[in-house]
Amino acid sequence: LFLSCSGACVLAQARLVIDNGGFVNITQGAYLVIDNPAANAITRNSSGHIISEGENNSIKWNIGIATGTYTIPWGYGSSDYIPLTFTKTAGTGSGNFLFSTYQTGWQNSTQLPAGVTNINGASGTDNSAFVSDRFWQINAQGYSVKPALSNVAFTYRDIENSASGNTIAENGLIAKRYNTTLNSWTDNILASTINTTSNIVTVTAVDAANLEPWWMLGTLGANRYWVAPSNSVSNLAANWSETAGGAGNAGVPTLNDAMIFDGTSDANSTINADLTAASLRVDADYSGTISQGANAITLDGEAVFSGGTFLGGSSPIAVSGNFTISGASFTSTSATLDLKGNFILNSGNFAHNNGTVRFSGTTTGVSQTIGGSLTNNFNHLTVTNTAATPGVQVESSKNLSGVLTLASNVVFDADGSSNSSVFKLLSTSDSPTQDAAVAVLPTGALITGNVTVQRFMTKEGPSNNRIYRYISSPVQNAPVSDIQAEIPVTGSFTGTSACSGCLTNQSMFSYNESIITDTNGSGAADLNDGYTDFPNTANTETLVPGLGYSMFVRGNILSSTLWDVRGTVNAGNVTPVSLPVSYTSSGVAANDGWNLVGNPFPSTIDWDAASGWTKTNIDATIYTTDNGSILQYATWNGVTGTNGGSRYIAMAQGF
C-alpha cells in the first residue's frame, strides 16, 4: 500500500489502517485530517508507517476531549519505524492536535521550525552538537484547557545521534520542549527515562503548562552552582547544586551543564580533575579563588569572569563561546587558552602567565574579535581561523610581548574595523634582545591595518650616553615624526625637534654608496663620505623598509631611549623586500660597495638562513656599529663573530 497526500486528506469517523509494509507519505506542506477521535483511528498492524519529514507535513487529529493511549506510527524512508506514543487526559474544549516530525542536519539551529528561535543549551549558546537530529511537533490547538499527557515515548534513530558534528552520549538523552514564552529549551527539565536498546526516550508526565508544540531529544544538561561550605575540590558531587545556594549532591558538572560560581558560596575551588562543561560563569558577588592546577578545562559555550580570582595552571583551556572578563582577576594557563569566540576585557585584569592565546574559530563568515575597554598584554598569539576574512580583528588597544603566529590563509586585522585600534609589539631589552615578533607568514597569511612596533635601546655611549645607532623600519611608510615622539631628530628640515640641550645640526643620516668624493672634509675620499642628511626636507619623509639609518641618540637628555614606529608590516610571503644595494668603483676597492641596509621585518632575521635570502655579489660578512665605549664593529662572517657579532639581526636594526 502506498498512499500519498498532497492536499487536505480527510478521513471522517473512519480508521486509517496501515499493514503489509505500506506507508503514507505526507509531502508539500499537506496535512492528513483524522476526524475520528478514537485512539485506534490510526492503527498499524505489524508493519508500515507514516512519513512526514517536514514541519508542515502534518497530521491534524481531531481528538477533542477523548482519552486514551495514542500512537503516531511515524517512519523514515521505507523501513525505519520511529513511532510517537502518549496517553492523553480529556482537556477542555473541542481541540485538535497537529503532529509532524522531520530530520535535520547535525546543526539543528539552521533548520528550526517556525516559532522556535534557537537551539541553545543551559549556557545560552548553540547546543546543536548535543541534540539529536530531529524535531517533533505535538501541538494541542483550540483547547480552553489543554489536556495533560503521560508516558510520552519518542523513538529515535541511532544515526541521528551519531552523525558527524554531534557529540552525544546516548544514555544521557532526555526529551525537552521549547518554551515559546521564554524562548528556552532548558527552563524546566521534565523527568524522562531512556531505553538505549529499543531507542525510546519516555517523558513520565507533561502537564498542560508544559504541553508546548515543539520537542527534541538532547543531552542539554542543567545549571550547576558551586555550593561548597568551605574550600574544596571541583570533582565532588556534594559541592554542586541545581539551584543557587541550594542543596548539594547535584553531581559534578558534565559536558552539558552550565557551571556557576556566585556569592552564595565564596569558598575556594581547586580543579582536581579534567573539567568539561557547557559554560562557566563567575558572578560579581563571588570573591573566592578558582585554581586550575594541572587539569584541562573544556567549555562548549562561553566563559564569563565577573568576580573572584582565577589562577591558571599548566594545562589547556578551551572555550567555544565568547571569553569575557568584567571585574575578575584572571591569570591564564601557561599552556594554551583556545578561543572560538571573542576575547573581551572590560574591567579587572588579564595576566598571560607566559602562555599562548589561540583564536581557532570555524564559523563561516564570522570574524573573532579582541576587544573590551581595557588594554592588556598577551604573550604569544596564534590565529588559525580561516572561516572568515579577517579571521581576527583587534577592536581595542592590545600589546604583545611574544610571537604572533598565523596559519596559512589567515588574515589578521591589527587595527580593527574602525582602523583606530593600537596593536603594539613590545620591546623590553637589547641585551639580549627581547622583542615581540611576527612569525614567518605562510602562504596566504596577511596582516592588515597598522601595527605599532617598539625598539628598546639601552642608554649607553662614552659621551654621557650620547651615541650613534644603526636603525631600520620594521613597517611601511613610517614618518620620521614617529621617532621624534621619543627620540629628538634635528637638522635643517621642516619639523626639526626642539629640545633643551640639543644643537640644531643634523642628527640622522641615510647612506649613499655611490658617493666617492670627500664630502665630509676629512681630506680623503673614503667609505665615511656616503652619509647624507635624512630627512632632507621635512619630518614627514618616511623610512624605507630595507634601508638602514644612522641616528644620533642624546641619551643625556632622555629618561628612556625606547622608540616606536607605526604602519603596515612588510609581508615577505606576498612581496619579497629588496634591500637596495649598489657597487660604485672609486679605484680604492676597500672603500667601495659598502651599503647601509636594515632588517625590514617585525622580527629577528637570520643572516645564515638556508632559505629566504637571495644574495648576489654580497660579501659574507655583516657589520653593525658598536659604539658603547669606542667606535668598533660587531661582525659576523657566516661562521664566527667578533665584538659580540651574531648571525641574528634584531628587529629595527641597521647593518
# chains A, B, ... in the order shown; residues from 1 in each chain; ligands from 1
call {"tool": "select_by_dssp", "arguments": {"residues": "stretch 364-579 of chain A", "states": "strand (DSSP E)", "output": "PDB file with C-alpha atoms, in the first residue's frame"}}
result
ATOM      1  CA  GLN A 368      36.687  36.749  16.009  1.00  0.00           C
ATOM      2  CA  THR A 369      37.424  39.986  17.841  1.00  0.00           C
ATOM      3  CA  ILE A 370      39.915  41.028  20.504  1.00  0.00           C
ATOM      4  CA  GLY A 371      38.279  43.865  22.370  1.00  0.00           C
ATOM      5  CA  ASN A 377      49.406  42.274  27.379  1.00  0.00           C
ATOM      6  CA  PHE A 378      49.434  38.949  25.557  1.00  0.00           C
ATOM      7  CA  HIS A 380      52.025  34.505  22.325  1.00  0.00           C
ATOM      8  CA  LEU A 381      49.062  34.821  19.947  1.00  0.00           C
ATOM      9  CA  THR A 382      48.164  32.147  17.385  1.00  0.00           C
ATOM     10  CA  VAL A 383      45.390  32.505  14.800  1.00  0.00           C
ATOM     11  CA  VAL A 392      40.584  38.089  13.815  1.00  0.00           C
ATOM     12  CA  GLN A 393      40.037  41.825  14.292  1.00  0.00           C
ATOM     13  CA  VAL A 394      41.735  43.810  17.073  1.00  0.00           C
ATOM     14  CA  LYS A 398      46.358  45.438  22.931  1.00  0.00           C
ATOM     15  CA  ASN A 399      50.043  44.640  23.484  1.00  0.00           C
ATOM     16  CA  LEU A 400      52.090  41.592  22.519  1.00  0.00           C
ATOM     17  CA  VAL A 403      55.163  35.926  18.905  1.00  0.00           C
ATOM     18  CA  LEU A 404      52.155  36.387  16.627  1.00  0.00           C
ATOM     19  CA  THR A 405      51.738  33.217  14.542  1.00  0.00           C
ATOM     20  CA  LEU A 406      49.258  32.971  11.675  1.00  0.00           C
ATOM     21  CA  VAL A 411      44.021  37.387   7.728  1.00  0.00           C
ATOM     22  CA  PHE A 412      44.722  39.343  10.936  1.00  0.00           C
ATOM     23  CA  ASP A 413      43.278  42.894  11.133  1.00  0.00           C
ATOM     24  CA  PHE A 423      48.163  46.645  18.383  1.00  0.00           C
ATOM     25  CA  LYS A 424      51.669  47.078  19.789  1.00  0.00           C
ATOM     26  CA  LEU A 425      54.685  44.777  19.590  1.00  0.00           C
ATOM     27  CA  SER A 427      60.414  45.588  23.142  1.00  0.00           C
ATOM     28  CA  THR A 428      61.895  45.369  26.632  1.00  0.00           C
ATOM     29  CA  SER A 429      65.630  44.753  26.280  1.00  0.00           C
ATOM     30  CA  ASP A 430      68.504  44.744  23.814  1.00  0.00           C
ATOM     31  CA  THR A 433      67.167  41.362  22.521  1.00  0.00           C
ATOM     32  CA  GLN A 434      63.699  40.776  23.927  1.00  0.00           C
ATOM     33  CA  ASP A 435      61.184  41.835  21.310  1.00  0.00           C
ATOM     34  CA  ALA A 437      57.669  39.476  16.810  1.00  0.00           C
ATOM     35  CA  VAL A 438      55.620  38.246  13.896  1.00  0.00           C
ATOM     36  CA  LEU A 446      48.334  38.543   5.829  1.00  0.00           C
ATOM     37  CA  ILE A 447      48.352  41.263   8.475  1.00  0.00           C
ATOM     38  CA  THR A 448      46.181  44.208   7.504  1.00  0.00           C
ATOM     39  CA  VAL A 451      50.857  47.889  13.756  1.00  0.00           C
ATOM     40  CA  THR A 452      52.902  49.824  16.316  1.00  0.00           C
ATOM     41  CA  VAL A 453      56.390  48.300  16.731  1.00  0.00           C
ATOM     42  CA  GLN A 454      58.725  49.245  19.587  1.00  0.00           C
ATOM     43  CA  ARG A 455      62.519  49.096  19.706  1.00  0.00           C
ATOM     44  CA  ARG A 466      75.314  60.008  23.585  1.00  0.00           C
ATOM     45  CA  ILE A 467      75.795  57.586  20.727  1.00  0.00           C
ATOM     46  CA  TYR A 468      75.100  56.878  17.061  1.00  0.00           C
ATOM     47  CA  ARG A 469      72.869  53.831  16.493  1.00  0.00           C
ATOM     48  CA  TYR A 470      72.089  51.972  13.278  1.00  0.00           C
ATOM     49  CA  ILE A 471      68.321  51.552  12.922  1.00  0.00           C
ATOM     50  CA  ALA A 478      56.742  55.256   8.956  1.00  0.00           C
ATOM     51  CA  PRO A 479      57.479  59.023   9.073  1.00  0.00           C
ATOM     52  CA  MET A 508      70.055  61.378  11.394  1.00  0.00           C
ATOM     53  CA  PHE A 509      71.528  60.059   8.150  1.00  0.00           C
ATOM     54  CA  SER A 510      70.967  57.599   5.397  1.00  0.00           C
ATOM     55  CA  TYR A 511      73.876  56.229   3.356  1.00  0.00           C
ATOM     56  CA  TYR A 531      76.375  59.580   4.921  1.00  0.00           C
ATOM     57  CA  THR A 532      73.684  62.031   3.738  1.00  0.00           C
ATOM     58  CA  ASP A 533      71.124  64.070   5.646  1.00  0.00           C
ATOM     59  CA  THR A 542      59.273  58.101   5.559  1.00  0.00           C
ATOM     60  CA  LEU A 543      61.795  55.406   6.359  1.00  0.00           C
ATOM     61  CA  TYR A 549      69.837  54.783   9.028  1.00  0.00           C
ATOM     62  CA  SER A 550      72.364  56.232  11.440  1.00  0.00           C
ATOM     63  CA  MET A 551      70.672  58.134  14.265  1.00  0.00           C
ATOM     64  CA  PHE A 552      72.392  60.166  16.988  1.00  0.00           C
ATOM     65  CA  VAL A 553      70.758  59.365  20.336  1.00  0.00           C
ATOM     66  CA  ARG A 554      71.129  62.040  23.012  1.00  0.00           C
ATOM     67  CA  TRP A 563      61.117  54.336  20.382  1.00  0.00           C
ATOM     68  CA  ASP A 564      58.428  53.058  18.060  1.00  0.00           C
ATOM     69  CA  VAL A 565      57.014  53.407  14.564  1.00  0.00           C
ATOM     70  CA  ARG A 566      53.563  52.645  13.209  1.00  0.00           C
ATOM     71  CA  GLY A 567      52.487  51.277   9.849  1.00  0.00           C
TER      72      GLY A 567
END
call {"tool": "residues_around", "arguments": {"residues": "stretch 103-109 of chain A", "least_positions_apart": "3", "cutoff": "12 Å", "atoms": "only C-alpha atoms", "output": "compact mmCIF listing (two decimals) with all heavy atoms, in the first residue's frame"}}
result
# COMPACT_ATOMS: atom_id res chain seq x y z
N ILE A 51 5.06 8.84 6.81
CA ILE A 51 6.25 9.67 6.64
C ILE A 51 5.84 11.14 6.62
O ILE A 51 4.95 11.54 5.86
CB ILE A 51 6.98 9.32 5.32
CG1 ILE A 51 7.41 7.85 5.32
CG2 ILE A 51 8.18 10.24 5.11
CD1 ILE A 51 7.98 7.40 3.98
N SER A 52 6.49 11.93 7.46
CA SER A 52 6.25 13.37 7.49
C SER A 52 7.45 14.11 6.88
O SER A 52 7.37 14.66 5.80
CB SER A 52 6.02 13.85 8.93
OG SER A 52 6.07 15.25 9.01
N GLU A 53 8.56 14.12 7.58
CA GLU A 53 9.84 14.72 7.16
C GLU A 53 9.69 16.16 6.68
O GLU A 53 10.30 16.58 5.69
CB GLU A 53 10.52 13.85 6.12
CG GLU A 53 10.97 12.50 6.65
CD GLU A 53 11.76 12.62 7.94
OE1 GLU A 53 12.72 13.43 7.99
OE2 GLU A 53 11.40 11.94 8.93
N GLY A 54 8.89 16.93 7.40
CA GLY A 54 8.75 18.36 7.16
C GLY A 54 7.86 18.93 8.24
O GLY A 54 6.86 18.30 8.62
N GLU A 55 8.21 20.13 8.74
CA GLU A 55 7.41 20.65 9.86
C GLU A 55 5.95 20.86 9.49
O GLU A 55 5.05 20.78 10.32
CB GLU A 55 8.01 21.96 10.38
CG GLU A 55 7.99 23.12 9.41
CD GLU A 55 8.40 24.43 10.07
OE1 GLU A 55 7.61 24.92 10.92
OE2 GLU A 55 9.47 24.95 9.75
N TRP A 74 5.03 7.07 13.03
CA TRP A 74 5.99 7.72 12.16
C TRP A 74 7.03 6.74 11.66
O TRP A 74 7.36 5.75 12.33
CB TRP A 74 6.72 8.86 12.88
CG TRP A 74 5.91 10.07 13.29
CD1 TRP A 74 5.87 10.65 14.51
CD2 TRP A 74 5.08 10.86 12.44
NE1 TRP A 74 5.06 11.76 14.50
CE2 TRP A 74 4.55 11.92 13.24
CE3 TRP A 74 4.70 10.79 11.10
CZ2 TRP A 74 3.69 12.88 12.74
CZ3 TRP A 74 3.83 11.75 10.60
CH2 TRP A 74 3.34 12.79 11.41
N GLY A 75 7.57 7.03 10.50
CA GLY A 75 8.67 6.24 9.98
C GLY A 75 9.56 7.11 9.12
O GLY A 75 9.21 8.24 8.75
N TYR A 76 10.74 6.56 8.80
CA TYR A 76 11.70 7.27 7.95
C TYR A 76 12.06 6.36 6.80
O TYR A 76 12.47 5.20 7.00
CB TYR A 76 12.94 7.66 8.74
CG TYR A 76 13.96 8.43 7.92
CD1 TYR A 76 13.87 9.82 7.82
CD2 TYR A 76 14.97 7.77 7.25
CE1 TYR A 76 14.79 10.53 7.06
CE2 TYR A 76 15.90 8.47 6.49
CZ TYR A 76 15.80 9.85 6.40
OH TYR A 76 16.71 10.55 5.64
N GLY A 77 11.93 6.87 5.57
CA GLY A 77 12.22 6.05 4.42
C GLY A 77 11.25 4.89 4.32
O GLY A 77 10.09 4.97 4.74
N ILE A 82 9.67 4.77 13.65
CA ILE A 82 10.01 5.64 14.79
C ILE A 82 8.73 6.24 15.39
O ILE A 82 8.49 7.45 15.31
CB ILE A 82 10.99 6.75 14.36
CG1 ILE A 82 10.51 7.47 13.09
CG2 ILE A 82 12.38 6.18 14.13
CD1 ILE A 82 11.35 8.70 12.74
N SER A 100 3.79 16.37 13.50
CA SER A 100 4.73 16.24 12.40
C SER A 100 6.11 15.95 12.98
O SER A 100 6.34 16.11 14.18
CB SER A 100 4.76 17.51 11.52
OG SER A 100 5.26 18.63 12.24
N LEU A 112 15.43 25.33 12.08
CA LEU A 112 14.45 25.44 13.17
C LEU A 112 13.03 25.52 12.62
O LEU A 112 12.78 26.14 11.58
CB LEU A 112 14.73 26.70 13.99
CG LEU A 112 16.09 26.78 14.70
CD1 LEU A 112 16.28 28.15 15.33
CD2 LEU A 112 16.21 25.69 15.75
N PRO A 113 12.06 24.92 13.33
CA PRO A 113 10.66 25.08 12.92
C PRO A 113 10.17 26.49 13.23
O PRO A 113 10.76 27.22 14.02
CB PRO A 113 9.94 24.04 13.77
CG PRO A 113 10.82 23.82 14.96
CD PRO A 113 12.23 24.02 14.48
N ALA A 114 9.10 26.89 12.59
CA ALA A 114 8.52 28.21 12.81
C ALA A 114 8.17 28.40 14.28
O ALA A 114 7.62 27.49 14.93
CB ALA A 114 7.28 28.38 11.95
N VAL A 116 10.34 28.76 16.68
CA VAL A 116 11.48 28.38 17.50
C VAL A 116 12.66 29.25 17.07
O VAL A 116 13.02 29.28 15.89
CB VAL A 116 11.82 26.88 17.34
CG1 VAL A 116 13.07 26.52 18.13
CG2 VAL A 116 10.64 26.03 17.80
N THR A 117 13.28 29.95 18.02
CA THR A 117 14.32 30.93 17.68
C THR A 117 15.74 30.44 17.94
O THR A 117 16.70 31.09 17.52
CB THR A 117 14.11 32.23 18.47
OG1 THR A 117 14.26 31.96 19.88
CG2 THR A 117 12.73 32.82 18.21
N ASN A 118 15.91 29.32 18.63
CA ASN A 118 17.26 28.87 18.96
C ASN A 118 17.26 27.40 19.30
O ASN A 118 16.21 26.77 19.45
CB ASN A 118 17.82 29.68 20.14
CG ASN A 118 17.07 29.41 21.44
OD1 ASN A 118 17.26 28.38 22.08
ND2 ASN A 118 16.19 30.34 21.84
N ILE A 119 18.46 26.89 19.45
CA ILE A 119 18.64 25.52 19.92
C ILE A 119 19.65 25.54 21.07
O ILE A 119 20.44 24.64 21.27
CB ILE A 119 19.10 24.60 18.77
CG1 ILE A 119 18.81 23.13 19.09
CG2 ILE A 119 20.54 24.82 18.41
CD1 ILE A 119 17.37 22.79 18.95
N ASN A 120 19.60 26.62 21.87
CA ASN A 120 20.60 26.86 22.90
C ASN A 120 20.43 25.92 24.09
O ASN A 120 19.32 25.54 24.46
CB ASN A 120 20.52 28.30 23.40
CG ASN A 120 20.94 29.29 22.34
OD1 ASN A 120 21.50 28.91 21.32
ND2 ASN A 120 20.65 30.56 22.56
N GLY A 121 21.58 25.60 24.68
CA GLY A 121 21.58 24.83 25.91
C GLY A 121 21.56 25.74 27.12
O GLY A 121 21.28 26.95 27.02
N THR A 125 24.36 29.18 24.52
CA THR A 125 25.00 29.10 23.21
C THR A 125 24.44 27.91 22.44
O THR A 125 23.81 27.01 23.00
CB THR A 125 26.52 28.96 23.35
OG1 THR A 125 26.81 27.79 24.13
CG2 THR A 125 27.11 30.18 24.04
N ASP A 126 24.68 27.93 21.14
CA ASP A 126 24.16 26.91 20.24
C ASP A 126 24.55 25.51 20.73
O ASP A 126 25.72 25.20 20.89
CB ASP A 126 24.72 27.15 18.84
CG ASP A 126 24.04 26.28 17.79
OD1 ASP A 126 23.50 25.22 18.16
OD2 ASP A 126 24.07 26.65 16.61
N ASN A 127 23.53 24.68 20.96
CA ASN A 127 23.75 23.36 21.53
C ASN A 127 23.51 22.26 20.50
O ASN A 127 23.27 21.11 20.85
CB ASN A 127 22.82 23.16 22.73
CG ASN A 127 23.41 22.22 23.77
OD1 ASN A 127 24.45 22.51 24.34
ND2 ASN A 127 22.75 21.11 24.02
N SER A 128 23.58 22.62 19.22
CA SER A 128 23.25 21.66 18.16
C SER A 128 24.03 20.36 18.27
O SER A 128 23.51 19.28 17.96
CB SER A 128 23.48 22.29 16.79
OG SER A 128 22.58 23.32 16.53
N ALA A 129 25.29 20.45 18.68
CA ALA A 129 26.13 19.25 18.71
C ALA A 129 25.65 18.24 19.74
O ALA A 129 26.05 17.08 19.70
CB ALA A 129 27.58 19.64 19.00
N PHE A 130 24.79 18.67 20.65
CA PHE A 130 24.34 17.80 21.74
C PHE A 130 22.86 17.46 21.62
O PHE A 130 22.23 17.03 22.57
CB PHE A 130 24.62 18.45 23.09
CG PHE A 130 26.06 18.85 23.25
CD1 PHE A 130 26.46 20.15 23.05
CD2 PHE A 130 27.02 17.90 23.54
CE1 PHE A 130 27.79 20.51 23.16
CE2 PHE A 130 28.35 18.25 23.67
CZ PHE A 130 28.74 19.55 23.47
N VAL A 131 22.31 17.66 20.41
CA VAL A 131 20.89 17.44 20.18
C VAL A 131 20.71 16.44 19.05
O VAL A 131 21.35 16.55 18.00
CB VAL A 131 20.19 18.77 19.82
CG1 VAL A 131 18.73 18.52 19.45
CG2 VAL A 131 20.27 19.73 20.99
N SER A 132 19.85 15.47 19.26
CA SER A 132 19.53 14.52 18.22
C SER A 132 18.95 15.25 17.01
O SER A 132 18.23 16.24 17.15
CB SER A 132 18.52 13.50 18.76
OG SER A 132 18.29 12.47 17.83
N ASP A 133 19.22 14.75 15.82
CA ASP A 133 18.92 15.49 14.60
C ASP A 133 17.47 15.27 14.13
O ASP A 133 17.21 14.80 13.00
CB ASP A 133 19.90 15.09 13.49
CG ASP A 133 21.34 15.38 13.87
OD1 ASP A 133 21.56 16.25 14.73
OD2 ASP A 133 22.24 14.72 13.30
N ARG A 134 16.54 15.66 14.98
CA ARG A 134 15.12 15.53 14.63
C ARG A 134 14.27 16.40 15.56
O ARG A 134 14.55 16.53 16.75
CB ARG A 134 14.66 14.06 14.75
CG ARG A 134 13.17 13.84 14.47
CD ARG A 134 12.83 12.37 14.32
NE ARG A 134 13.47 11.81 13.12
CZ ARG A 134 12.96 11.89 11.89
NH1 ARG A 134 11.78 12.50 11.69
NH2 ARG A 134 13.60 11.36 10.88
N PHE A 135 13.24 17.02 14.97
CA PHE A 135 12.22 17.74 15.74
C PHE A 135 10.90 16.97 15.66
O PHE A 135 10.59 16.33 14.64
CB PHE A 135 11.99 19.15 15.19
CG PHE A 135 13.12 20.11 15.45
CD1 PHE A 135 13.99 20.48 14.44
CD2 PHE A 135 13.31 20.65 16.72
CE1 PHE A 135 15.03 21.37 14.67
CE2 PHE A 135 14.35 21.54 16.97
CZ PHE A 135 15.21 21.89 15.94
N TRP A 136 10.10 17.06 16.75
CA TRP A 136 8.75 16.51 16.79
C TRP A 136 7.76 17.62 17.13
O TRP A 136 8.03 18.44 18.03
CB TRP A 136 8.62 15.43 17.87
CG TRP A 136 9.25 14.11 17.56
CD1 TRP A 136 8.66 13.03 17.00
CD2 TRP A 136 10.60 13.70 17.85
NE1 TRP A 136 9.53 11.97 16.90
CE2 TRP A 136 10.74 12.37 17.41
CE3 TRP A 136 11.70 14.35 18.41
CZ2 TRP A 136 11.93 11.65 17.54
CZ3 TRP A 136 12.88 13.65 18.53
CH2 TRP A 136 13.00 12.32 18.10
N TYR A 156 13.84 7.11 18.47
CA TYR A 156 14.86 7.82 17.70
C TYR A 156 15.69 6.84 16.89
O TYR A 156 15.72 5.63 17.15
CB TYR A 156 15.76 8.63 18.62
CG TYR A 156 16.51 7.82 19.68
CD1 TYR A 156 17.76 7.27 19.39
CD2 TYR A 156 15.96 7.62 20.95
CE1 TYR A 156 18.45 6.53 20.34
CE2 TYR A 156 16.65 6.87 21.90
CZ TYR A 156 17.88 6.33 21.59
OH TYR A 156 18.56 5.59 22.53
N ARG A 157 16.38 7.38 15.88
CA ARG A 157 17.29 6.61 15.03
C ARG A 157 18.73 6.87 15.49
O ARG A 157 19.11 8.02 15.74
CB ARG A 157 17.13 7.01 13.56
CG ARG A 157 15.73 6.84 13.04
CD ARG A 157 15.54 7.51 11.68
NE ARG A 157 16.35 6.87 10.64
CZ ARG A 157 17.16 7.52 9.82
NH1 ARG A 157 17.32 8.84 9.93
NH2 ARG A 157 17.85 6.87 8.89
N ILE A 159 21.47 6.92 13.92
CA ILE A 159 22.24 7.76 13.02
C ILE A 159 21.99 9.24 13.27
O ILE A 159 22.81 10.10 12.95
CB ILE A 159 21.94 7.40 11.54
CG1 ILE A 159 23.02 8.00 10.64
CG2 ILE A 159 20.53 7.86 11.14
CD1 ILE A 159 22.93 7.53 9.20
N GLU A 160 20.85 9.58 13.85
CA GLU A 160 20.54 10.98 14.14
C GLU A 160 21.24 11.47 15.41
O GLU A 160 21.20 12.66 15.73
CB GLU A 160 19.02 11.16 14.24
CG GLU A 160 18.35 10.97 12.88
CD GLU A 160 16.83 10.91 12.94
OE1 GLU A 160 16.28 10.96 14.08
OE2 GLU A 160 16.20 10.81 11.89
N ASN A 161 21.89 10.58 16.13
CA ASN A 161 22.75 10.95 17.25
C ASN A 161 24.23 10.92 16.86
O ASN A 161 25.02 11.73 17.34
CB ASN A 161 22.55 9.99 18.43
CG ASN A 161 21.15 10.04 18.98
OD1 ASN A 161 20.52 11.08 19.00
ND2 ASN A 161 20.64 8.89 19.43
N SER A 162 24.58 10.00 16.00
CA SER A 162 25.99 9.74 15.71
C SER A 162 26.51 10.48 14.49
O SER A 162 27.69 10.35 14.14
CB SER A 162 26.22 8.24 15.51
OG SER A 162 25.45 7.77 14.41
N ALA A 163 25.67 11.26 13.83
CA ALA A 163 26.11 11.97 12.63
C ALA A 163 27.32 12.84 12.93
O ALA A 163 27.45 13.39 14.03
CB ALA A 163 24.96 12.82 12.08
N SER A 164 28.22 12.98 11.96
CA SER A 164 29.41 13.81 12.12
C SER A 164 29.03 15.22 12.53
O SER A 164 28.15 15.85 11.92
CB SER A 164 30.20 13.84 10.81
OG SER A 164 31.33 14.67 10.92
N GLY A 165 29.66 15.72 13.56
CA GLY A 165 29.34 17.04 14.12
C GLY A 165 28.67 16.94 15.47
O GLY A 165 28.75 17.86 16.28
N ASN A 166 28.03 15.82 15.74
CA ASN A 166 27.37 15.63 17.03
C ASN A 166 28.33 15.11 18.09
O ASN A 166 29.29 14.41 17.78
CB ASN A 166 26.20 14.65 16.90
CG ASN A 166 24.98 15.27 16.26
OD1 ASN A 166 24.84 16.49 16.25
ND2 ASN A 166 24.10 14.45 15.72
N THR A 167 28.05 15.48 19.33
CA THR A 167 28.78 14.95 20.48
C THR A 167 27.72 14.54 21.50
O THR A 167 27.39 15.29 22.41
CB THR A 167 29.72 16.01 21.08
OG1 THR A 167 30.58 16.52 20.06
CG2 THR A 167 30.57 15.40 22.19
N ILE A 168 27.18 13.36 21.32
CA ILE A 168 26.02 12.93 22.11
C ILE A 168 26.33 11.63 22.83
O ILE A 168 26.74 10.65 22.21
CB ILE A 168 24.78 12.74 21.20
CG1 ILE A 168 24.37 14.09 20.59
CG2 ILE A 168 23.63 12.13 21.97
CD1 ILE A 168 23.25 13.98 19.59
N MET A 216 12.29 17.90 21.22
CA MET A 216 13.50 17.30 20.69
C MET A 216 14.13 16.44 21.77
O MET A 216 13.75 16.49 22.95
CB MET A 216 14.48 18.38 20.25
CG MET A 216 15.05 19.19 21.38
SD MET A 216 16.20 20.45 20.81
CE MET A 216 16.73 21.12 22.40
N LEU A 217 15.13 15.66 21.39
CA LEU A 217 15.91 14.86 22.32
C LEU A 217 17.33 15.42 22.35
O LEU A 217 17.89 15.75 21.31
CB LEU A 217 15.95 13.39 21.90
CG LEU A 217 14.61 12.69 21.69
CD1 LEU A 217 14.85 11.23 21.29
CD2 LEU A 217 13.75 12.76 22.93
N GLY A 218 17.88 15.51 23.53
CA GLY A 218 19.23 16.03 23.62
C GLY A 218 19.83 15.77 24.98
O GLY A 218 19.15 15.32 25.91
N THR A 363 33.37 29.18 12.42
CA THR A 363 32.05 29.52 11.90
C THR A 363 32.19 30.36 10.63
O THR A 363 32.78 31.44 10.65
CB THR A 363 31.22 30.29 12.93
OG1 THR A 363 31.11 29.51 14.13
CG2 THR A 363 29.82 30.58 12.40
call {"tool": "residues_around", "arguments": {"residues": "A:Gly313", "least_positions_apart": "2", "cutoff": "10 Å", "atoms": "only C-alpha atoms", "output": "ChimeraX atom specification"}}
result
/A:271,291-296,310-311,315-317,331-335,353,355
call {"tool": "select_by_dssp", "arguments": {"residues": "stretch 51-287 of chain A", "states": "alpha helix (DSSP H)", "output": "JSON, numbers by chain"}}
result
{"A": [159, 160, 161, 162]}
call {"tool": "write_last_selection", "arguments": {"atoms": "all heavy atoms", "output": "PDB file, in the first residue's frame"}}
result
ATOM      1  N   ILE A 159      21.468   6.916  13.918  1.00  0.00           N
ATOM      2  CA  ILE A 159      22.241   7.764  13.016  1.00  0.00           C
ATOM      3  C   ILE A 159      21.988   9.243  13.271  1.00  0.00           C
ATOM      4  O   ILE A 159      22.812  10.098  12.949  1.00  0.00           O
ATOM      5  CB  ILE A 159      21.941   7.404  11.542  1.00  0.00           C
ATOM      6  CG1 ILE A 159      23.017   8.004  10.636  1.00  0.00           C
ATOM      7  CG2 ILE A 159      20.532   7.855  11.143  1.00  0.00           C
ATOM      8  CD1 ILE A 159      22.933   7.533   9.197  1.00  0.00           C
ATOM      9  N   GLU A 160      20.851   9.580  13.850  1.00  0.00           N
ATOM     10  CA  GLU A 160      20.538  10.984  14.142  1.00  0.00           C
ATOM     11  C   GLU A 160      21.236  11.466  15.412  1.00  0.00           C
ATOM     12  O   GLU A 160      21.200  12.657  15.734  1.00  0.00           O
ATOM     13  CB  GLU A 160      19.022  11.161  14.240  1.00  0.00           C
ATOM     14  CG  GLU A 160      18.348  10.968  12.881  1.00  0.00           C
ATOM     15  CD  GLU A 160      16.834  10.910  12.943  1.00  0.00           C
ATOM     16  OE1 GLU A 160      16.279  10.963  14.079  1.00  0.00           O
ATOM     17  OE2 GLU A 160      16.200  10.813  11.891  1.00  0.00           O
ATOM     18  N   ASN A 161      21.886  10.578  16.128  1.00  0.00           N
ATOM     19  CA  ASN A 161      22.754  10.945  17.252  1.00  0.00           C
ATOM     20  C   ASN A 161      24.226  10.916  16.861  1.00  0.00           C
ATOM     21  O   ASN A 161      25.023  11.735  17.337  1.00  0.00           O
ATOM     22  CB  ASN A 161      22.552   9.989  18.432  1.00  0.00           C
ATOM     23  CG  ASN A 161      21.149  10.036  18.984  1.00  0.00           C
ATOM     24  OD1 ASN A 161      20.519  11.082  19.000  1.00  0.00           O
ATOM     25  ND2 ASN A 161      20.640   8.886  19.429  1.00  0.00           N
ATOM     26  N   SER A 162      24.580   9.996  15.995  1.00  0.00           N
ATOM     27  CA  SER A 162      25.994   9.745  15.713  1.00  0.00           C
ATOM     28  C   SER A 162      26.510  10.481  14.489  1.00  0.00           C
ATOM     29  O   SER A 162      27.685  10.347  14.144  1.00  0.00           O
ATOM     30  CB  SER A 162      26.215   8.238  15.514  1.00  0.00           C
ATOM     31  OG  SER A 162      25.447   7.768  14.413  1.00  0.00           O
TER      32      SER A 162
END
